[in-house]
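Enquirer: For reference, this is protein11.txt, and it has compact mmCIF, C-alpha atoms and all ligand atoms.
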```
# COMPACT_ATOMS: atom_id res chain seq x y z
CA MET A 1 58.73 95.34 17.34
CA THR A 2 60.04 95.87 20.85
CA GLU A 3 58.11 97.83 23.44
CA PRO A 4 56.79 101.00 21.80
CA SER A 5 58.49 104.29 22.57
CA ILE A 6 56.58 106.74 20.35
CA VAL A 7 52.91 106.06 19.61
CA PHE A 8 50.58 108.01 17.31
CA ASP A 9 47.08 106.73 17.97
CA ARG A 10 44.42 107.99 15.55
CA VAL A 11 45.87 111.50 15.52
CA GLY A 12 43.93 114.29 13.83
CA LEU A 13 45.24 117.77 13.14
CA ALA A 14 44.13 120.64 10.90
CA PHE A 15 45.66 124.02 10.20
CA GLY A 16 43.18 126.73 9.26
CA GLY A 17 40.54 124.25 8.14
CA GLU A 18 42.96 122.10 6.13
CA ALA A 19 43.29 118.57 7.47
CA ILE A 20 46.93 117.52 7.75
CA TYR A 21 46.22 114.27 9.60
CA ASP A 22 42.80 112.79 9.60
CA ASP A 23 43.35 109.64 11.57
CA ILE A 24 47.00 108.62 11.56
CA SER A 25 48.47 105.81 13.64
CA PHE A 26 52.01 104.48 13.80
CA SER A 27 54.59 103.69 16.41
CA VAL A 28 58.34 103.52 16.92
CA GLY A 29 59.80 100.79 19.13
CA ARG A 30 62.31 101.48 21.86
CA GLY A 31 65.78 101.45 20.34
CA GLU A 32 64.35 101.29 16.84
CA PHE A 33 65.62 103.45 13.93
CA VAL A 34 62.57 104.49 11.93
CA CYS A 35 62.71 106.65 8.82
CA LEU A 36 59.63 108.69 8.07
CA LEU A 37 59.44 109.08 4.32
CA GLY A 38 56.81 111.08 2.50
CA PRO A 39 56.10 113.81 -0.02
CA SER A 40 56.78 117.44 0.72
CA GLY A 41 54.09 119.02 2.89
CA CYS A 42 52.58 115.75 4.13
CA GLY A 43 53.33 116.54 7.76
CA LYS A 44 56.69 114.94 8.54
CA SER A 45 58.07 117.94 10.43
CA THR A 46 54.68 118.40 12.06
CA SER A 47 54.84 114.89 13.49
CA LEU A 48 58.20 115.68 15.12
CA ARG A 49 56.75 118.87 16.57
CA LEU A 50 53.90 116.85 18.09
CA ILE A 51 56.36 114.44 19.69
CA GLY A 52 58.53 117.30 20.97
CA ASP A 53 55.53 119.07 22.52
CA LEU A 54 55.90 122.07 20.25
CA LEU A 55 52.36 121.48 19.02
CA ALA A 56 49.31 119.58 20.33
CA ALA A 57 47.14 117.01 18.54
CA GLN A 58 43.50 118.01 18.07
CA SER A 59 42.20 114.47 18.33
CA GLY A 60 43.67 111.08 19.14
CA SER A 61 46.88 110.92 21.13
CA VAL A 62 50.65 111.04 20.88
CA THR A 63 52.50 109.28 23.66
CA VAL A 64 56.21 109.12 24.35
CA ASP A 65 57.36 106.27 26.57
CA GLY A 66 53.82 106.04 27.89
CA LYS A 67 53.67 109.72 28.79
CA SER A 68 52.23 112.79 27.15
CA PRO A 69 54.74 114.85 25.13
CA SER A 70 54.54 117.62 27.73
CA GLU A 71 55.71 115.17 30.39
CA ALA A 72 58.34 113.53 28.21
CA TRP A 73 60.09 116.48 26.57
CA GLN A 74 63.22 115.98 28.70
CA GLU A 75 63.76 112.62 27.03
CA VAL A 76 63.64 114.07 23.53
CA ALA A 77 66.32 115.87 21.51
CA PHE A 78 66.07 117.44 18.04
CA VAL A 79 68.43 117.75 15.10
CA PHE A 80 67.07 120.13 12.46
CA GLN A 81 67.82 120.57 8.79
CA SER A 82 70.00 123.58 9.55
CA PRO A 83 72.25 123.36 12.61
CA ARG A 84 70.93 126.47 14.43
CA LEU A 85 74.14 127.06 16.38
CA ALA A 86 74.72 130.12 18.52
CA PRO A 87 77.35 132.13 16.58
CA TRP A 88 78.85 133.63 19.75
CA ARG A 89 79.56 130.24 21.32
CA ASN A 90 82.40 127.97 20.32
CA ALA A 91 81.71 124.38 19.29
CA LEU A 92 82.12 123.01 22.82
CA ALA A 93 79.79 125.66 24.30
CA ASN A 94 77.27 124.93 21.55
CA VAL A 95 77.34 121.22 22.36
CA LEU A 96 76.67 122.10 26.00
CA MET A 97 73.91 124.57 25.20
CA GLY A 98 71.06 122.06 25.47
CA VAL A 99 72.37 120.74 28.78
CA GLU A 100 72.68 124.27 30.11
CA LEU A 101 69.13 125.20 29.10
CA ARG A 102 67.58 122.05 30.48
CA MET A 103 69.71 121.28 33.51
CA GLY A 104 71.60 124.45 34.33
CA ARG A 105 75.18 125.68 34.24
CA ASP A 106 76.56 123.41 36.92
CA GLU A 107 75.40 120.35 35.08
CA ALA A 108 76.82 121.77 31.85
CA ARG A 109 80.22 122.16 33.54
CA ARG A 110 80.05 118.60 34.82
CA ARG A 111 79.27 117.33 31.34
CA GLU A 112 82.16 119.07 29.63
CA PRO A 113 84.27 115.87 29.36
CA ARG A 114 81.30 114.10 27.82
CA ALA A 115 80.79 116.98 25.37
CA ARG A 116 84.43 116.72 24.31
CA GLU A 117 84.01 113.00 23.87
CA LEU A 118 80.96 113.58 21.65
CA LEU A 119 82.87 116.13 19.59
CA SER A 120 85.66 113.65 19.06
CA MET A 121 83.13 110.93 18.21
CA MET A 122 81.93 113.30 15.48
CA GLY A 123 85.50 113.81 14.25
CA LEU A 124 85.78 117.29 15.76
CA ALA A 125 88.23 116.73 18.61
CA ASP A 126 90.36 119.63 17.43
CA ALA A 127 87.48 122.00 16.79
CA ALA A 128 86.16 122.45 20.35
CA HIS A 129 87.36 126.06 20.53
CA LYS A 130 86.21 127.05 17.04
CA TYR A 131 83.22 129.29 16.42
CA PRO A 132 80.49 128.32 13.94
CA SER A 133 81.79 130.81 11.36
CA MET A 134 85.08 128.87 11.30
CA LEU A 135 83.36 125.54 10.58
CA SER A 136 82.10 124.03 7.33
CA GLY A 137 78.42 123.19 6.87
CA GLY A 138 79.08 119.53 7.58
CA GLU A 139 81.08 120.35 10.71
CA ARG A 140 78.32 122.61 12.01
CA GLN A 141 75.78 119.86 11.52
CA ARG A 142 78.06 117.48 13.47
CA VAL A 143 78.13 119.98 16.33
CA ALA A 144 74.32 120.04 16.25
CA ILE A 145 74.24 116.24 16.42
CA ALA A 146 76.68 116.24 19.35
CA ARG A 147 74.50 118.87 21.05
CA ALA A 148 71.44 116.64 20.71
CA LEU A 149 73.31 113.66 22.16
CA ALA A 150 74.83 115.69 25.01
CA VAL A 151 71.50 115.85 26.88
CA ASP A 152 71.57 112.06 26.86
CA PRO A 153 68.11 111.73 25.31
CA ALA A 154 66.22 108.45 25.09
CA ILE A 155 64.77 109.64 21.79
CA VAL A 156 66.45 111.54 18.97
CA LEU A 157 64.28 113.27 16.37
CA MET A 158 66.05 114.22 13.17
CA ASP A 159 64.40 116.38 10.52
CA GLU A 160 66.21 115.98 7.20
CA PRO A 161 69.48 116.66 9.00
CA PHE A 162 71.72 116.03 5.99
CA SER A 163 69.69 117.59 3.21
CA ALA A 164 71.73 120.80 3.08
CA LEU A 165 75.06 118.96 2.80
CA ASP A 166 77.07 117.82 -0.19
CA PRO A 167 76.77 114.12 -1.14
CA ASN A 168 80.13 113.06 0.32
CA THR A 169 79.61 114.73 3.68
CA ARG A 170 76.14 113.32 3.68
CA ARG A 171 77.34 109.77 3.19
CA ARG A 172 79.96 110.13 5.90
CA LEU A 173 77.53 111.56 8.42
CA ARG A 174 75.02 108.81 7.67
CA ALA A 175 77.63 106.23 8.53
CA GLU A 176 78.52 108.11 11.72
CA ILE A 177 74.90 108.38 12.83
CA GLU A 178 74.41 104.70 12.15
CA SER A 179 77.43 103.71 14.19
CA ILE A 180 76.51 106.03 17.09
CA TRP A 181 73.01 104.61 17.07
CA GLN A 182 74.39 101.06 17.13
CA ARG A 183 76.60 101.91 20.09
CA THR A 184 74.05 103.88 22.14
CA GLY A 185 70.75 102.12 21.40
CA ARG A 186 68.69 105.32 21.28
CA THR A 187 65.27 105.45 19.68
CA VAL A 188 65.60 107.43 16.46
CA LEU A 189 62.87 108.93 14.30
CA PHE A 190 64.54 110.28 11.19
CA VAL A 191 62.63 112.32 8.62
CA THR A 192 63.85 112.26 5.06
CA HIS A 193 62.57 112.47 1.53
CA ASP A 194 65.68 110.68 0.26
CA ILE A 195 64.70 107.10 -0.51
CA GLU A 196 68.24 105.75 -0.55
CA GLU A 197 69.00 107.40 2.78
CA ALA A 198 65.95 105.74 4.32
CA ILE A 199 66.95 102.33 2.98
CA VAL A 200 70.53 102.64 4.24
CA LEU A 201 69.57 103.79 7.74
CA ALA A 202 66.20 102.38 8.72
CA ASP A 203 65.15 99.35 10.69
CA ARG A 204 61.78 100.24 9.32
CA ILE A 205 60.50 102.78 6.80
CA VAL A 206 57.13 104.38 7.45
CA LEU A 207 55.86 105.72 4.14
CA LEU A 208 53.32 108.53 4.36
CA SER A 209 50.67 109.58 1.84
CA ASN A 210 49.62 113.02 0.70
CA LYS A 211 47.25 115.05 2.89
CA PRO A 212 45.15 114.13 4.73
CA THR A 213 48.09 112.01 5.64
CA ARG A 214 48.02 108.38 6.58
CA VAL A 215 50.55 105.56 6.62
CA LEU A 216 50.75 103.93 3.20
CA GLU A 217 53.20 101.24 4.19
CA SER A 218 55.44 100.20 7.04
CA ILE A 219 58.43 98.40 5.56
CA PRO A 220 60.98 96.57 7.71
CA VAL A 221 64.51 96.64 6.27
CA THR A 222 66.45 93.66 7.55
CA ALA A 223 69.58 93.69 5.36
CA PRO A 224 72.78 93.64 7.44
CA ARG A 225 74.59 96.94 8.14
CA PRO A 226 76.43 98.82 6.85
CA ARG A 227 74.29 98.74 3.73
CA ARG A 228 74.88 99.65 0.14
CA VAL A 229 71.84 99.86 -2.06
CA SER A 230 73.42 99.44 -5.46
CA GLY A 231 74.53 95.88 -6.09
CA ASN A 232 72.16 94.46 -3.47
CA PRO A 233 69.23 93.00 -5.44
CA GLU A 234 66.80 93.09 -2.51
CA LEU A 235 67.57 96.73 -1.66
CA ASP A 236 67.67 97.71 -5.33
CA ALA A 237 64.17 96.30 -5.76
CA LEU A 238 62.97 98.12 -2.66
CA ARG A 239 64.39 101.39 -3.98
CA ASP A 240 62.69 100.94 -7.34
CA ARG A 241 59.39 100.18 -5.70
CA LEU A 242 59.62 103.15 -3.33
CA GLN A 243 60.65 105.40 -6.21
CA ARG A 244 57.57 104.45 -8.19
CA LEU A 245 55.30 104.95 -5.18
CA PHE A 246 56.96 108.23 -4.39
CA GLN A 247 56.70 109.56 -7.92
CA SER A 248 52.98 108.92 -7.95
CA LEU A 249 52.68 110.82 -4.66
CA GLU A 250 54.83 113.78 -5.68
CA HIS A 251 52.93 113.89 -8.94
CA ILE A 252 49.59 114.57 -7.34
CA ALA A 253 51.00 116.63 -4.47
CA PRO A 254 49.71 120.22 -4.46
CA GLU A 255 52.15 123.00 -5.33
CA ASP A 256 53.89 123.28 -2.03
CA SER A 257 57.38 124.39 -1.24
CA ALA A 258 57.22 123.32 2.42
CA SER A 259 60.07 121.01 3.30
N1 LIG B 1 52.03 126.48 11.88
C1 LIG B 1 51.42 126.16 10.74
N2 LIG B 1 50.32 126.85 10.31
C2 LIG B 1 49.68 126.53 9.17
N3 LIG B 1 50.05 125.52 8.36
C3 LIG B 1 51.13 124.80 8.71
C4 LIG B 1 51.88 125.07 9.91
N4 LIG B 1 52.90 124.19 9.99
C5 LIG B 1 52.80 123.39 8.90
N5 LIG B 1 51.74 123.75 8.14
C6 LIG B 1 51.29 123.06 6.93
O1 LIG B 1 51.13 121.71 7.28
C7 LIG B 1 51.55 120.87 6.23
C8 LIG B 1 52.64 119.93 6.73
O2 LIG B 1 53.81 120.66 6.99
P1 LIG B 1 55.19 119.95 7.35
O3 LIG B 1 54.97 119.08 8.52
O4 LIG B 1 56.20 121.03 7.49
O5 LIG B 1 55.46 119.07 6.06
P2 LIG B 1 56.76 118.20 5.66
O6 LIG B 1 57.75 118.32 6.76
O7 LIG B 1 56.25 116.82 5.45
O8 LIG B 1 57.24 118.78 4.36
C9 LIG B 1 51.99 121.77 5.11
O9 LIG B 1 50.91 121.91 4.22
C10 LIG B 1 52.30 123.07 5.80
O10 LIG B 1 52.13 124.14 4.93
MG MG B 2 59.63 119.12 6.87
```
Write out the structure in this file as structure tokens.

Expert:
Amino acid sequence: MTEPSIVFDRVGLAFGGEAIYDDISFSVGRGEFVCLLGPSGCGKSTSLRLIGDLLAAQSGSVTVDGKSPSEAWQEVAFVFQSPRLAPWRNALANVLMGVELRMGRDEARRREPRARELLSMMGLADAAHKYPSMLSGGERQRVAIARALAVDPAIVLMDEPFSALDPNTRRRLRAEIESIWQRTGRTVLFVTHDIEEAIVLADRIVLLSNKPTRVLESIPVTAPRPRRVSGNPELDALRDRLQRLFQSLEHIAPEDSAS
């Protein structure tokens, strides 16, 4: 691995007496694309919240480029499962929203050409003036991705960003994210519970256990990109193995609708 960007060092966290993490350690290298895969409720979203300084660890430490999350939040951008766009802003203004909140209106105005470029990178060159209600679910999620990139973050955190989309849109957006990542070299931590998605996208898959959560395996995926799982014996075998592991985890997971 290259120089680490995100480091979880023996992190412990409990909510109301229930241990989520007991003693979890893992890291993400600078420029690396890591998929965090694990059963529902194991603390995937929680780990992103720790990195983004929306929550603090109770023991151990989380560092982001050698700094505490509270010092590093400017370097981090989020893409959530639902796009969370402002309905009263058009697509362009939504893309610039993060810039405006972090760096002010003047900077947002200066970055307008860049925002348009990002929209066109996401296949939305003609949609800059459209409001969220005029966009499809997939288009809204693309706006949210462009918004995350518009702040020019060193680190992009994605929390099951494609799970609400239909399979075709999902496949297309995966390919787009992969190609943007290849061009921009950002560090990406991508949460998913879709095994095939993790295999297609990841440099490395970090597989999490049930609570109290620890890292079960850290699996480098070295197959050349773009990848197709079916028809590739090595990736097929990896999928089968992960599926078996995952089934045993989901099987003993407590009734929990958290996602
Ligand atoms: N603010 C909170 N207060 C209490 N429990 C929480 C809170 N946030 C998450 N949890 C619990 O922590 C566990 C991990 O949640 P989460 O990180 O959302 O899981 P995942 O994203 O892996 O599905 C779940 O059991 C969830 O119910
Ligand atoms: Mg989650």

Enquirer: Just the residues within 10 Å of A:Glu3, please, counting all atoms listed in the file, with nothing from its chain fewer than 3 positions along; format it as a VMD selection string.

Expert: chain A and resid 6 27 to 32 65

Enquirer: Determine the nearest neighbour of A:Ala93 from the options A:Leu245, A:Ala144, A:Val64, A:Met122, counting all atoms listed in the file.

Expert: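 Nearest to A:Ala93: A:Ala144.
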
Enquirer: Please tell me which residues are no farther than 10 Å from (64.0, 117.1, 18.6) in the file, counting only C-alpha atoms, and write them as a ChimeraX atom specification.

Expert: /A:48-49,51-54,73,75-80,148,153,155-159,189

Enquirer: With the cut-off set at 10 Å and counting all atoms listed in the file, tabulate each residue of chain A with an atom at most that distance from an atom of ligand MG 2 (chain B), showing the nearest atom pair and its distance in Å to one decimal, ordered by chain and increasing number, as JSON lines.

Expert:
```
{"residue": "A:Gly38", "atom": "CA", "partner": "B:MG2", "partner_atom": "MG", "distance": 9.6}
{"residue": "A:Pro39", "atom": "CA", "partner": "B:MG2", "partner_atom": "MG", "distance": 9.4}
{"residue": "A:Ser40", "atom": "CA", "partner": "B:MG2", "partner_atom": "MG", "distance": 7.0}
{"residue": "A:Gly41", "atom": "CA", "partner": "B:MG2", "partner_atom": "MG", "distance": 6.8}
{"residue": "A:Cys42", "atom": "CA", "partner": "B:MG2", "partner_atom": "MG", "distance": 8.3}
{"residue": "A:Gly43", "atom": "CA", "partner": "B:MG2", "partner_atom": "MG", "distance": 6.9}
{"residue": "A:Lys44", "atom": "CA", "partner": "B:MG2", "partner_atom": "MG", "distance": 5.4}
{"residue": "A:Ser45", "atom": "CA", "partner": "B:MG2", "partner_atom": "MG", "distance": 4.1}
{"residue": "A:Thr46", "atom": "CA", "partner": "B:MG2", "partner_atom": "MG", "distance": 7.2}
{"residue": "A:Ser47", "atom": "CA", "partner": "B:MG2", "partner_atom": "MG", "distance": 9.2}
{"residue": "A:Leu48", "atom": "CA", "partner": "B:MG2", "partner_atom": "MG", "distance": 9.1}
{"residue": "A:Phe80", "atom": "CA", "partner": "B:MG2", "partner_atom": "MG", "distance": 9.4}
{"residue": "A:Gln81", "atom": "CA", "partner": "B:MG2", "partner_atom": "MG", "distance": 8.5}
{"residue": "A:Asp159", "atom": "CA", "partner": "B:MG2", "partner_atom": "MG", "distance": 6.6}
{"residue": "A:Glu160", "atom": "CA", "partner": "B:MG2", "partner_atom": "MG", "distance": 7.3}
{"residue": "A:Val191", "atom": "CA", "partner": "B:MG2", "partner_atom": "MG", "distance": 7.6}
{"residue": "A:Thr192", "atom": "CA", "partner": "B:MG2", "partner_atom": "MG", "distance": 8.3}
{"residue": "A:His193", "atom": "CA", "partner": "B:MG2", "partner_atom": "MG", "distance": 9.0}
{"residue": "A:Ser257", "atom": "CA", "partner": "B:MG2", "partner_atom": "MG", "distance": 9.9}
{"residue": "A:Ala258", "atom": "CA", "partner": "B:MG2", "partner_atom": "MG", "distance": 6.6}
{"residue": "A:Ser259", "atom": "CA", "partner": "B:MG2", "partner_atom": "MG", "distance": 4.1}
```

Enquirer: Now that the selection is made, can you save its residues with C-alpha atoms as a PDB file, in the frame of the given file?

Expert:
```pdb
ATOM      1  CA  GLY A  38      56.810 111.080   2.500  1.00  0.00           C
ATOM      2  CA  PRO A  39      56.100 113.810  -0.020  1.00  0.00           C
ATOM      3  CA  SER A  40      56.780 117.440   0.720  1.00  0.00           C
ATOM      4  CA  GLY A  41      54.090 119.020   2.890  1.00  0.00           C
ATOM      5  CA  CYS A  42      52.580 115.750   4.130  1.00  0.00           C
ATOM      6  CA  GLY A  43      53.330 116.540   7.760  1.00  0.00           C
ATOM      7  CA  LYS A  44      56.690 114.940   8.540  1.00  0.00           C
ATOM      8  CA  SER A  45      58.070 117.940  10.430  1.00  0.00           C
ATOM      9  CA  THR A  46      54.680 118.400  12.060  1.00  0.00           C
ATOM     10  CA  SER A  47      54.840 114.890  13.490  1.00  0.00           C
ATOM     11  CA  LEU A  48      58.200 115.680  15.120  1.00  0.00           C
ATOM     12  CA  PHE A  80      67.070 120.130  12.460  1.00  0.00           C
ATOM     13  CA  GLN A  81      67.820 120.570   8.790  1.00  0.00           C
ATOM     14  CA  ASP A 159      64.400 116.380  10.520  1.00  0.00           C
ATOM     15  CA  GLU A 160      66.210 115.980   7.200  1.00  0.00           C
ATOM     16  CA  VAL A 191      62.630 112.320   8.620  1.00  0.00           C
ATOM     17  CA  THR A 192      63.850 112.260   5.060  1.00  0.00           C
ATOM     18  CA  HIS A 193      62.570 112.470   1.530  1.00  0.00           C
ATOM     19  CA  SER A 257      57.380 124.390  -1.240  1.00  0.00           C
ATOM     20  CA  ALA A 258      57.220 123.320   2.420  1.00  0.00           C
ATOM     21  CA  SER A 259      60.070 121.010   3.300  1.00  0.00           C
TER      22      SER A 259
END
```

Enquirer: Find the spatial neighbours of A:Ala175, counting only C-alpha atoms, within a cut-off of 12 Å - ignore same-chain residues fewer than 2 positions away - and output them as a list in words.

Expert: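 My list of contacting residues is Met122, Phe162, Asn168, Thr169, Arg170, Arg171, Arg172, Leu173, Ile177, Glu178, Ser179, Ile180, Trp181, Gln182, Glu197, Val200, Leu201, Arg225, Pro226, Arg227 and Arg228 of chain A.
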
Enquirer: Could you please give me, as a PyMOL selection string, the residues of protein, DNA or RNA lying at most 8 Å from (87.4, 117.7, 20.5) in the coordinate frame of the file, considering all atoms listed in the file?

Expert: chain A and resi 92+116-120+123-128

Enquirer: Padding 6 Å on every side, please: axis-aligned box over the listed atoms of stretch 219-234 of chain A, centre and edge lengths to one decimal in Å, as AutoDock Vina command-line options.

Expert:
```
--center_x 67.4 --center_y 96.4 --center_z 1.0 --size_x 30.0 --size_y 18.9 --size_z 26.2
```

Enquirer: When you draw a straight line from atom CA of A:Val151 to atom CA of A:Leu135, how long is it in Å?

Expert: 22.4 Å

Enquirer: Counting all atoms listed in the file, figure out which residue out of A:Ile195, A:Val215, A:Val221, A:Leu13 gets nearest to ligand LIG 1 (chain B).

Expert: A:Leu13

Enquirer: To one decimal place, how far is atom CA of A:Pro4 from atom CA of A:Leu208 in Å?

Expert: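 Between atom CA of A:Pro4 and atom CA of A:Leu208 the gap works out to 19.3 Å.
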
Enquirer: Please compute the atom CA of A:Val188-atom CA of A:Cys35 distance, one decimal, in Å.

Expert: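 These atoms are spaced 8.2 Å apart.
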
Enquirer: Compare A:Arg183, A:Pro132, A:Leu242, A:Glu139 by their minimum atom-to-atom distance to A:Leu216, counting only C-alpha atoms, and give me the closest one.

Expert: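 With only C-alpha atoms as the atom set, the closest residue is A:Leu242.
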
Enquirer: Taking all atoms listed in the file into account, which of A:Phe190, A:Tyr21, A:Phe15, A:Tyr131 comes nearest A:Ser59?

Expert: A:Tyr21

Enquirer: Smallest atom-to-atom distance to ligand LIG 1 (chain B): which of A:Lys211, A:Arg147, A:Arg89, A:His251, using only C-alpha atoms and all ligand atoms?

Expert: A:Lys211

Enquirer: Which one is closest to ligand LIG 1 (chain B): A:Asp9, A:Glu217, A:Asp106, A:Glu18? Count all atoms listed in the file.

Expert: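 For ligand LIG 1 (chain B), the nearest of the given residues is A:Glu18.
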
Enquirer: Give me, as a PyMOL selection string, all polymer residues having an atom no more than 8 Å from A:Ile24, counting all atoms listed in the file and skipping those fewer than 6 positions away in the same chain.

Expert: chain A and resi 8-12+213-215

Enquirer: Return stretch 78-105 of chain A, completed with N, CA and C atoms, as a CSV table (one decimal), in the frame of the given file.

Expert:
```csv
chain,number,residue,atom,x,y,z
A,78,PHE,N,66.3,117.2,19.5
A,78,PHE,CA,66.1,117.4,18.0
A,78,PHE,C,67.4,117.7,17.3
A,79,VAL,N,67.4,117.2,16.0
A,79,VAL,CA,68.4,117.8,15.1
A,79,VAL,C,67.7,118.3,13.9
A,80,PHE,N,67.8,119.5,13.6
A,80,PHE,CA,67.1,120.1,12.5
A,80,PHE,C,67.9,120.1,11.2
A,81,GLN,N,67.2,120.5,10.1
A,81,GLN,CA,67.8,120.6,8.8
A,81,GLN,C,69.0,121.5,8.8
A,82,SER,N,68.8,122.7,9.4
A,82,SER,CA,70.0,123.6,9.6
A,82,SER,C,70.4,123.5,11.0
A,83,PRO,N,71.7,123.7,11.3
A,83,PRO,CA,72.2,123.4,12.6
A,83,PRO,C,71.8,124.3,13.7
A,84,ARG,N,71.4,125.5,13.4
A,84,ARG,CA,70.9,126.5,14.4
A,84,ARG,C,71.9,126.6,15.6
A,85,LEU,N,73.2,126.9,15.3
A,85,LEU,CA,74.1,127.1,16.4
A,85,LEU,C,74.1,128.5,16.8
A,86,ALA,N,74.6,128.8,18.0
A,86,ALA,CA,74.7,130.1,18.5
A,86,ALA,C,76.1,130.6,18.0
A,87,PRO,N,76.1,131.7,17.2
A,87,PRO,CA,77.4,132.1,16.6
A,87,PRO,C,78.4,132.6,17.6
A,88,TRP,N,77.9,133.1,18.8
A,88,TRP,CA,78.8,133.6,19.8
A,88,TRP,C,79.4,132.6,20.7
A,89,ARG,N,79.0,131.3,20.5
A,89,ARG,CA,79.6,130.2,21.3
A,89,ARG,C,80.5,129.4,20.5
A,90,ASN,N,81.6,128.9,21.1
A,90,ASN,CA,82.4,128.0,20.3
A,90,ASN,C,81.7,126.6,20.3
A,91,ALA,N,82.4,125.7,19.5
A,91,ALA,CA,81.7,124.4,19.3
A,91,ALA,C,81.4,123.7,20.6
A,92,LEU,N,82.3,123.7,21.5
A,92,LEU,CA,82.1,123.0,22.8
A,92,LEU,C,80.9,123.6,23.6
A,93,ALA,N,80.9,125.0,23.6
A,93,ALA,CA,79.8,125.7,24.3
A,93,ALA,C,78.5,125.4,23.6
A,94,ASN,N,78.5,125.3,22.3
A,94,ASN,CA,77.3,124.9,21.6
A,94,ASN,C,76.8,123.5,21.9
A,95,VAL,N,77.7,122.6,22.0
A,95,VAL,CA,77.3,121.2,22.4
A,95,VAL,C,76.7,121.2,23.7
A,96,LEU,N,77.2,122.1,24.6
A,96,LEU,CA,76.7,122.1,26.0
A,96,LEU,C,75.4,123.0,26.2
A,97,MET,N,75.0,123.6,25.1
A,97,MET,CA,73.9,124.6,25.2
A,97,MET,C,72.6,123.9,25.7
A,98,GLY,N,72.3,122.8,25.1
A,98,GLY,CA,71.1,122.1,25.5
A,98,GLY,C,71.1,121.6,26.9
A,99,VAL,N,72.2,121.2,27.4
A,99,VAL,CA,72.4,120.7,28.8
A,99,VAL,C,72.2,121.9,29.7
A,100,GLU,N,72.8,123.1,29.3
A,100,GLU,CA,72.7,124.3,30.1
A,100,GLU,C,71.2,124.7,30.2
A,101,LEU,N,70.5,124.7,29.1
A,101,LEU,CA,69.1,125.2,29.1
A,101,LEU,C,68.2,124.3,29.9
A,102,ARG,N,68.5,123.0,29.8
A,102,ARG,CA,67.6,122.0,30.5
A,102,ARG,C,68.0,121.8,31.9
A,103,MET,N,69.3,121.8,32.2
A,103,MET,CA,69.7,121.3,33.5
A,103,MET,C,70.6,122.3,34.3
A,104,GLY,N,70.8,123.4,33.6
A,104,GLY,CA,71.6,124.4,34.3
A,104,GLY,C,73.1,124.4,34.1
A,105,ARG,N,73.7,125.5,34.5
A,105,ARG,CA,75.2,125.7,34.2
A,105,ARG,C,76.1,124.7,34.9
```
